[in-house]
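K.L.:
Take a look at this one; I'll ask things after.
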Amino acid sequence: MSDKIKNIDGITKESTEALIAETLSVYPEKAKKKRAPHLGANDQASGSACVKSNKKTVPGVMSARGCAYAGAKGVVWGPIGDMVHVSHGPVGCGWYSWGTRRNLVSGINGVTQFAMQFTSDFQEKDIVYGGDKKLKTLLEEAKGLFPLAKGISVLSECPVGLIGDDINSVAKQSAKELDLPIIPCNCEGFRGVSQSLGHHISNDTIRDYIIETREFAEPSSPYDIALIGDYNIGGDVWAAKSLLEEIGLNVKATWTGDGELDKIAATHQVKLNLIHCYRSMNYMCKVMEEKYGIPWLEFNFFGPTKIRESLRAIAERFDDTIKENVEKVIAKYDPIMQAIIDEYKPRLDGKKVMLLVGGLRPRHTIGAYEDLGMECVGSGYEFAHTDDYDRTAPEMPNATVVYDDPSEYEFEKFVHALKPDLVGSGIKEKYVFQKMGIPFRQMHSWDYSGPYHAYQGFEIFARDVDMAVNSPTWKLVKSPF
Amino acid sequence: MANLLGLEVKKIVETPPEEIERVKNWINSEEYKEKNFARQALVINPAHACQPLGAQLVAHGFEGTLPFVHGSQGCASYYRSTLNRHFREPAPAVSDAMTEDGAVFGGQNNLHEGLENAVALYKPKMIAVFTSCMPEVIGDDLTAFIKNARQKGHVPKDMPVPYANTPSFNGTHIHGYDAMLLSILQTLTEGKQVEGRCTGKLNLIAGCDFNTGDYREYKRILKEFGVPVTVLADISDSFDSPCNGTYNIYAGGTPLEDAADSINGKATMSLGPYATPKTFGWIKDNYAGKHVSMPMPMGIEKTDALIMKIAELFGKEVPESIKNERGRAVDAMTDAQQYMHGKKFAVYGDPDYLMGYVSFLLEMGARPYHILCSRGSKKAEKELQGLLDSSMYGKGCKIYMNKDLWHLRSLVMTDPVDAIIGDSHGKFAARDAKIPLFRFGFPVFDRVNMHRSPIIGYQGVINMVSAICNTFLDIKDATCEDRFFELMR
């Protein structure tokens with residue numbers, strides 16, 4: 001928790017509440033009542049959530065949210081590169097999520113990694129007669145065409161659950177026949193209220209079908225850890241992994257960015273789980289803690305301040321060797337980071353940023369902006385829960401606006417009122433704000449850049465933020481005539 | 001609890017490098033191609049999306065229109081982000097966010113609440129409702145739901161709310177485009193036919209075309225002719241709006257009044273016959289004036305046909321400026337033909353685009369060697385075969401209907417070509433085959449401004465010739481031996 005209360009000039013609890021009230025005034029009564037508890041002014045000292053969350057999206061308001069399938073395909077299962085992931089149902093869902101999340105993978109496409117689009121491409125007759133037979137056939141075909149695939153996930157789209165197909169029994173039977181892990185994941189998009197349930201369902205399938213089915217070939221060491229909740233956006237896992245290795249830890253498995261199925265399946269043998277995205281993978285950390293006694297630790301690899309704090313917290317879980325390594329690594333990188341800050345901070349100092357991202361970054365990246373002298377004047381999530389907002393309160397400046405699953409209307413209103421110098425959100429929001437002449441960075445995909453994690457990532461993050469905020473192109477937006 | 005599959009617990013074994021090498025070579029082989037083409041159930045890397053995407057595209061082509069997805073909210077996010085990425089523009093659309101209880105009770109409550117909120121927040125002039133999977137599977141009755149919405153006052157009495165059933169398990173994005181366009185036109189033109197009235201205008205249906213430059217090009221050509229036009233539906237400003245400090249949620253689109261009056265047009269022309277058969281069929285029965293369905297005007301011959309048809313329909317001479325444009329396009333082709341002549345291409349995409357690519361390539365003396373359509377029809381296949389048969393450069397070229405881009409990969413690896421024409425998704429096969437990819441189709445997620453560069457008309461010919469020939473020349477410069485590296489090409 002941050003020590004001191006951060007205040008922003010001109011922002012008070014009253015001003016934020018007035019802004020919220022004005023924003024809500026246009027809503028019909030019922031929708032206003034539903035939305036009001038999801039908008040609040042941060043109480044930094046409280047350390048607890050100021051908004052309600054994880055509730056159904058209000059119809060018709062233009063939410064940024066995705067669905068359970070998106071959470072399963074895009075976040076948890078999709079990044080595991082050595083598996084075939086079948087989008088089971090009509091063609092669209094798999095096509096839209098094909099290559100659009102930037103979870104990079106190692107290996108050879110079509111040989112050892114399968115970052116492609118596999119679908120059962122449901123037709124009318126599959127809806128009428130069911131798709132189980134087709135599924136069985138396509139699993140055989142996948143095994144035949146991709147013999148080095150380590151497993152297959154079957155990710156259900158909406159119709160599968162509605163027509164009563166039994167993918168679980170098909171998967172079980174085919175797994176035996178093909179001698180291959182085949183994981184049925186009932187992640188239909190209509191389940192739950194957002195991507196978040198898809199994460200949870202997928203964690204449960206890892207629990208039920210994967211964990212403990214493999215063992216590491218090499219002997220264990222006290223420094224064996226797993227990197228959990230890093231999806232290798234733009235190479236994040238590679239940056240984080242190399243830093244963890246530099247302090248002397250063995251990263252035995254990565255969940256699930258650049259993930260390998262076998263290593264994920266053997267993660268019950270590690271000594272500590274380090275979790276970056278708490279929202280999407282706390283479930284399995286808790287399972288592994290209960291079942292195998294593996295402790296877990298949240299950490300933050302955005303920006304030197306948080307990296308330093310995190311490395312020391314990690315070191316506390318190990319012996320003096322690691323503690324010494326950590327101090328050496330910090331001493332090595334501190335001057336490098338300072339040089340980056342010296343370069344960019346003069347151009348970014350005092351600039352304001354507003355965030356709307358998924359389930360982690362709206363709080364985890366705040367420190368990195370602050371390292372560059374910027375302040376966060378509003379933040380919110382698409383699919384966070386109360387425990388995420390609890391963790392957000394101490395990171396956000398006091399009395400700033402917090403928004404849960406905001407509509408585009410609300411987000412626009414808040415940005416219009418608070419006039420940030422940068423908005424960090426998703427592709428659906430990007431061009432709305434850029435048309436207004438407001439600099440923007442996509443904070444789901446790192447705007448096709450990255451990595452942003454660890455020391456290596458901060459240099460790129462700082463460059464990108466500077467590039468966005470200070471691009472001369474923004475000066476051209478207003479025409480002279 | 002673990003291992004519900006009953007599989008044996010194993011030590012992790014790395015795949016031996018020689019096995020990886022074997023499979024790496026095997027997937028490029030003739031044997032693999034046969035196995036790949038024998039697939040019955042698995043679709044890998046399809047070159048088509050689902051119906052609602054096309055429905056959303058066409059909805060954006062009307063003034064003040066808010067696309068409204070009746071179904072799960074994740075669907076809307078997928079369509080929106082796809083359009084955002086392709087155009088690098090906003091794509092505002094709402095969803096009524098159906099969840100589990102919708103499956104039990106149906107989606108009427110969501111739809112009604114959604115309409116009321118959308119009207120309050122986004123103040124549209126029209127709401128275009130279309131469906132994703134869930135309401136289609138459970139059988140929601142949109143006709144009744146929307147009638148009820150109006151009766152209960154969830155939408156203003158006079159606000160048009162066209163709606164279309166766009167099931168994702170049937171057809172592709174082009175069929176959703178057709179269904180939504182038909183519903184919009186039926187809704188807007190209802191009661192607008194005036195006996196004896198003629199707007200004097202051409203109604204131009206561009207088809208499911210994701211290139212804003214094409215729409216601007218159509219309008220420019222018609223301006224040269226002095227023929228007034230109503231584009232149905234005009235996405236050019238919606239997805240190519242100025243950056244001037246103000247965000248306009250409804251940045252463009254065909255004025256609703258013009259669309260309503262289109263039923264009294266002098267002529268209606270569809271340039272996307274495969275993307276708008278239902279709409280065109282209905283127009284033939286209901287619209288005044290002449291009705292013409294023609295291929296998307298790519299290449300000289302198909303553009304000539306369009307130009308002559310406009311002249312004929314409106315009794316005008318072809319303007320000098322257009323004659324000169326044609327001459328310049330032909331000049332570009334004759335100047336550059338040597339760089340494309342005999343070159344083999346793999347082409348894939350929606351049928352309307354495919355007819356254009358094939359026509360254009362044959363005109364250049366190039367060979368559309370592998371022609372692949374992810375969801376095609378017998379009719380499309382026949383038309384393509386006809387094009388191939390019409391030219392000596394079509395000899396030996398083959399058509400693959402209802403095949404995907406993993407099939408395409410097998411084709412280009414076993415029977416090589418010089419280039420691929422398609423969309424960004426072709427980049428994986430192109431990289432493996434070490435050949436260039438020309439992104440004339442949809443979507444383009446990895447290059448800028450492609451949607452601003454027209455591929456139709458004479459200007460489109462020049463654009464395609466330049467892109468293709470200059471890339472071939474870049475490759476030659478980058479890869480030729482030093483002693484053959486020279487100034488002139």
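Letters for chains follow the order of the structure tokens (A, B, ...), residue numbers begin at 1 for each chain, and ligand numbers begin at 1 in the order shown.
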Name all residues at most 10 Å from region 102-112 of chain B (count only C-alpha atoms; drop same-chain ones fewer than 2 positions away) and give them as an NGL selection string.
P.N.:
(:A and (58-60 or 161-162 or 190)) or (:B and (68-72 or 95-100 or 114-118 or 129 or 134-135 or 137-142 or 144-146 or 148-150 or 152-155))
K.L.:
Can you build me a table of chain A residues sitting at most 6 Å from chain B, with the closest atom pair per residue and its distance in Å to one decimal, using only C-alpha atoms, sorted by chain and residue number, as a Markdown table?
P.N.:
```
| residue | atom | partner | partner_atom | distance |
| --- | --- | --- | --- | --- |
| A:Pro59 | CA | B:Asp96 | CA | 4.0 |
| A:Gly60 | CA | B:Gly114 | CA | 3.7 |
| A:Val61 | CA | B:Ala118 | CA | 5.8 |
| A:Met62 | CA | B:Val94 | CA | 4.6 |
| A:Gly66 | CA | B:Gly74 | CA | 3.9 |
| A:Cys67 | CA | B:Gly74 | CA | 4.4 |
| A:Pro90 | CA | B:Phe169 | CA | 5.0 |
| A:Gly92 | CA | B:Cys50 | CA | 4.8 |
| A:Tyr96 | CA | B:Tyr78 | CA | 5.8 |
| A:Val111 | CA | B:Lys24 | CA | 5.8 |
| A:Gln117 | CA | B:Asn45 | CA | 4.7 |
| A:Phe118 | CA | B:Ile44 | CA | 4.6 |
| A:Thr119 | CA | B:Val43 | CA | 5.2 |
| A:Ser120 | CA | B:Leu42 | CA | 5.5 |
| A:Phe122 | CA | B:Phe169 | CA | 5.3 |
| A:Gln123 | CA | B:Phe169 | CA | 4.5 |
| A:Glu124 | CA | B:Phe169 | CA | 5.6 |
| A:Lys134 | CA | B:Ala41 | CA | 5.7 |
| A:Leu138 | CA | B:Leu42 | CA | 4.7 |
| A:Lys172 | CA | B:Leu5 | CA | 5.5 |
| A:Phe190 | CA | B:Thr99 | CA | 4.5 |
| A:Arg191 | CA | B:Glu100 | CA | 5.8 |
| A:Asp208 | CA | B:Ala2 | CA | 4.9 |
| A:Tyr209 | CA | B:Asn3 | CA | 4.5 |
| A:Thr213 | CA | B:Val9 | CA | 4.6 |
| A:Arg214 | CA | B:Lys10 | CA | 5.0 |
| A:Glu215 | CA | B:Lys11 | CA | 4.6 |
| A:Phe216 | CA | B:Ile12 | CA | 5.5 |
| A:Ala217 | CA | B:Lys11 | CA | 5.5 |
| A:Lys428 | CA | B:Ser81 | CA | 5.7 |
| A:Tyr431 | CA | B:Pro90 | CA | 5.1 |
| A:Val432 | CA | B:Pro90 | CA | 5.5 |
| A:Lys435 | CA | B:Cys243 | CA | 4.7 |
| A:Met436 | CA | B:Gly245 | CA | 3.9 |
| A:Gly437 | CA | B:Gly245 | CA | 4.8 |
| A:Val477 | CA | B:Asn244 | CA | 5.0 |
| A:Lys478 | CA | B:Asn244 | CA | 5.7 |
```
K.L.:
Could you give me, as JSON, numbers by chain, each residue of region 178-381 of chain A that DSSP assigns to helix (DSSP H, G or I) when run on this structure's backbone?
P.N.:
{"A": [178, 195, 196, 197, 198, 199, 200, 201, 202, 203, 204, 205, 206, 207, 208, 209, 210, 236, 237, 238, 239, 240, 241, 242, 243, 244, 245, 246, 261, 262, 263, 264, 265, 267, 268, 269, 278, 279, 280, 281, 282, 283, 284, 285, 286, 287, 288, 289, 290, 291, 292, 304, 305, 306, 307, 308, 309, 310, 311, 312, 313, 314, 315, 320, 321, 322, 323, 324, 325, 326, 327, 328, 329, 330, 331, 332, 333, 334, 335, 336, 337, 338, 339, 340, 341, 342, 343, 344, 345, 346, 347, 348, 361, 362, 363, 364, 366, 367, 368, 369, 370, 371]}
K.L.:
Taking C-alpha atoms for each residue, export the selection above as a compact mmCIF listing (two decimals), in the first residue's frame.
P.N.:
```
# COMPACT_ATOMS: atom_id res chain seq x y z
CA LEU A 178 -6.28 -40.45 -29.32
CA GLN A 195 -14.81 -12.26 -19.71
CA SER A 196 -14.20 -12.89 -16.03
CA LEU A 197 -16.35 -16.00 -15.79
CA GLY A 198 -14.48 -17.40 -18.78
CA HIS A 199 -11.25 -17.05 -16.82
CA HIS A 200 -12.79 -18.82 -13.85
CA ILE A 201 -14.26 -21.65 -15.93
CA SER A 202 -10.93 -22.10 -17.70
CA ASN A 203 -9.05 -22.17 -14.39
CA ASP A 204 -11.48 -24.86 -13.26
CA THR A 205 -10.80 -26.93 -16.37
CA ILE A 206 -7.05 -26.69 -15.69
CA ARG A 207 -7.80 -27.91 -12.20
CA ASP A 208 -10.00 -30.75 -13.39
CA TYR A 209 -8.13 -31.94 -16.46
CA ILE A 210 -4.56 -30.75 -16.49
CA ASP A 236 5.89 -9.62 -21.64
CA VAL A 237 6.59 -13.15 -20.43
CA TRP A 238 10.01 -13.16 -22.01
CA ALA A 239 10.92 -9.88 -20.30
CA ALA A 240 9.56 -11.00 -16.91
CA LYS A 241 11.05 -14.47 -17.12
CA SER A 242 14.54 -13.24 -17.86
CA LEU A 243 14.42 -10.87 -14.88
CA LEU A 244 13.22 -13.66 -12.57
CA GLU A 245 16.00 -15.86 -13.86
CA GLU A 246 18.50 -13.07 -13.32
CA LEU A 261 0.78 -27.59 -21.74
CA ASP A 262 3.06 -30.18 -20.14
CA LYS A 263 4.79 -27.61 -17.95
CA ILE A 264 1.49 -26.16 -16.85
CA ALA A 265 0.40 -29.70 -15.99
CA THR A 267 3.16 -26.85 -11.95
CA HIS A 268 2.00 -28.64 -8.79
CA GLN A 269 5.71 -29.35 -8.24
CA TYR A 278 -4.66 -11.64 -10.08
CA ARG A 279 -8.09 -11.33 -11.66
CA SER A 280 -7.70 -14.05 -14.25
CA MET A 281 -5.71 -16.65 -12.34
CA ASN A 282 -6.16 -16.23 -8.59
CA TYR A 283 -8.44 -19.27 -8.77
CA MET A 284 -5.72 -21.75 -9.66
CA CYS A 285 -3.27 -20.14 -7.24
CA LYS A 286 -5.76 -20.81 -4.48
CA VAL A 287 -6.33 -24.37 -5.68
CA MET A 288 -2.61 -25.08 -5.74
CA GLU A 289 -2.21 -23.55 -2.30
CA GLU A 290 -4.97 -25.66 -0.81
CA LYS A 291 -4.15 -28.87 -2.58
CA TYR A 292 -0.36 -28.85 -2.81
CA PRO A 304 10.98 0.61 -11.63
CA THR A 305 9.32 1.57 -8.32
CA LYS A 306 6.92 -1.35 -8.37
CA ILE A 307 9.51 -3.71 -9.82
CA ARG A 308 11.89 -2.87 -6.98
CA GLU A 309 9.19 -3.39 -4.34
CA SER A 310 8.13 -6.64 -5.99
CA LEU A 311 11.63 -8.06 -6.31
CA ARG A 312 12.25 -7.44 -2.60
CA ALA A 313 8.93 -9.02 -1.67
CA ILE A 314 9.80 -12.04 -3.80
CA ALA A 315 13.26 -12.24 -2.18
CA ASP A 320 20.01 -15.07 1.33
CA THR A 321 21.30 -16.08 -2.09
CA ILE A 322 18.19 -14.72 -3.76
CA LYS A 323 18.07 -11.70 -1.44
CA GLU A 324 21.62 -10.80 -2.41
CA ASN A 325 20.89 -11.38 -6.07
CA VAL A 326 17.90 -9.10 -5.88
CA GLU A 327 19.92 -6.26 -4.36
CA LYS A 328 22.57 -6.70 -7.02
CA VAL A 329 19.99 -6.68 -9.78
CA ILE A 330 18.31 -3.58 -8.35
CA ALA A 331 21.66 -1.85 -8.07
CA LYS A 332 22.40 -2.79 -11.67
CA TYR A 333 19.12 -1.52 -13.09
CA ASP A 334 18.53 1.55 -10.92
CA PRO A 335 20.88 3.78 -12.89
CA ILE A 336 19.58 2.44 -16.19
CA MET A 337 16.01 3.21 -15.12
CA GLN A 338 17.04 6.62 -13.83
CA ALA A 339 18.50 7.44 -17.23
CA ILE A 340 15.18 6.57 -18.85
CA ILE A 341 13.30 8.69 -16.34
CA ASP A 342 15.74 11.55 -16.87
CA GLU A 343 15.08 11.41 -20.57
CA TYR A 344 11.29 11.26 -20.53
CA LYS A 345 10.13 12.79 -17.25
CA PRO A 346 10.85 16.39 -18.25
CA ARG A 347 8.37 15.96 -21.12
CA LEU A 348 5.75 14.07 -19.12
CA ARG A 361 -3.75 -2.82 -15.51
CA PRO A 362 -6.07 -0.05 -14.27
CA ARG A 363 -4.23 -0.36 -10.94
CA HIS A 364 -0.96 -2.07 -11.82
CA ILE A 366 -0.40 3.55 -12.17
CA GLY A 367 3.05 3.29 -10.59
CA ALA A 368 4.75 3.23 -13.98
CA TYR A 369 3.01 6.45 -15.02
CA GLU A 370 3.99 7.98 -11.68
CA ASP A 371 7.60 6.98 -12.27
```
K.L.:
Which residues are near Pro162 (chain B)? Cut-off 12 Å, only C-alpha atoms, ignore same chain within fewer than 4 positions. Put them as a ChimeraX atom specification.
P.N.:
/B:55,59,62,65-68,125-131,142-143,146-147,179-190
K.L.:
Compare A:Ala31, A:Ile183, A:Ile163, A:Leu272 by their minimum atom-to-atom distance to Tyr223 (chain A), counting only C-alpha atoms, and give me the closest one.
P.N.:
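Going through A:Ala31, A:Ile183, A:Ile163, A:Leu272 one by one, the smallest distance to Tyr223 (chain A) is for A:Leu272.
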K.L.:
Just want the 12 Å neighbourhood of Thr12 (chain A), counted on only C-alpha atoms, with same-chain residues fewer than 5 positions away dropped. Output as an mmCIF file with N, CA and C atoms, in the first residue's frame.
P.N.:
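Saved the output as out.cif:
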```cif
data_model
loop_
_atom_site.group_PDB
_atom_site.id
_atom_site.type_symbol
_atom_site.label_atom_id
_atom_site.label_comp_id
_atom_site.auth_asym_id
_atom_site.auth_seq_id
_atom_site.Cartn_x
_atom_site.Cartn_y
_atom_site.Cartn_z
ATOM 1 N N LYS A 6 -2.442 10.717 -1.917
ATOM 2 C CA LYS A 6 -2.134 11.539 -3.088
ATOM 3 C C LYS A 6 -3.363 12.375 -3.429
ATOM 4 N N ASN A 7 -3.156 13.648 -3.633
ATOM 5 C CA ASN A 7 -4.261 14.515 -4.026
ATOM 6 C C ASN A 7 -3.973 15.147 -5.377
ATOM 7 N N GLU A 17 -18.183 13.579 -7.303
ATOM 8 C CA GLU A 17 -19.581 13.147 -7.165
ATOM 9 C C GLU A 17 -20.521 13.993 -8.015
ATOM 10 N N ALA A 18 -20.191 15.263 -8.150
ATOM 11 C CA ALA A 18 -21.013 16.128 -9.013
ATOM 12 C C ALA A 18 -20.892 15.688 -10.472
ATOM 13 N N LEU A 19 -19.652 15.332 -10.859
ATOM 14 C CA LEU A 19 -19.421 14.865 -12.232
ATOM 15 C C LEU A 19 -20.209 13.582 -12.506
ATOM 16 N N GLY A 40 -17.806 5.921 -8.599
ATOM 17 C CA GLY A 40 -17.558 6.471 -7.271
ATOM 18 C C GLY A 40 -16.292 7.307 -7.217
ATOM 19 N N ALA A 41 -16.122 7.989 -6.086
ATOM 20 C CA ALA A 41 -14.907 8.760 -5.834
ATOM 21 C C ALA A 41 -14.001 7.930 -4.932
ATOM 22 N N ASN A 42 -12.754 7.825 -5.319
ATOM 23 C CA ASN A 42 -11.844 6.964 -4.566
ATOM 24 C C ASN A 42 -11.603 7.489 -3.153
ATOM 25 N N ASP A 43 -11.596 6.557 -2.208
ATOM 26 C CA ASP A 43 -11.201 6.884 -0.843
ATOM 27 C C ASP A 43 -9.890 6.155 -0.604
ATOM 28 N N VAL A 377 -5.870 10.317 -13.117
ATOM 29 C CA VAL A 377 -7.026 11.081 -12.621
ATOM 30 C C VAL A 377 -8.349 10.341 -12.769
ATOM 31 N N PRO A 397 -4.991 8.202 -6.740
ATOM 32 C CA PRO A 397 -5.047 9.421 -5.925
ATOM 33 C C PRO A 397 -6.431 9.555 -5.278
ATOM 34 N N ASN A 398 -6.453 10.250 -4.188
ATOM 35 C CA ASN A 398 -7.694 10.390 -3.440
ATOM 36 C C ASN A 398 -8.748 11.175 -4.232
ATOM 37 N N ALA A 399 -9.992 10.741 -4.088
ATOM 38 C CA ALA A 399 -11.165 11.441 -4.645
ATOM 39 C C ALA A 399 -11.274 11.375 -6.165
ATOM 40 N N THR A 400 -10.351 10.688 -6.832
ATOM 41 C CA THR A 400 -10.471 10.565 -8.289
ATOM 42 C C THR A 400 -11.601 9.602 -8.634
ATOM 43 N N VAL A 401 -12.060 9.712 -9.863
ATOM 44 C CA VAL A 401 -13.238 8.932 -10.261
ATOM 45 C C VAL A 401 -12.852 7.487 -10.615
#
```
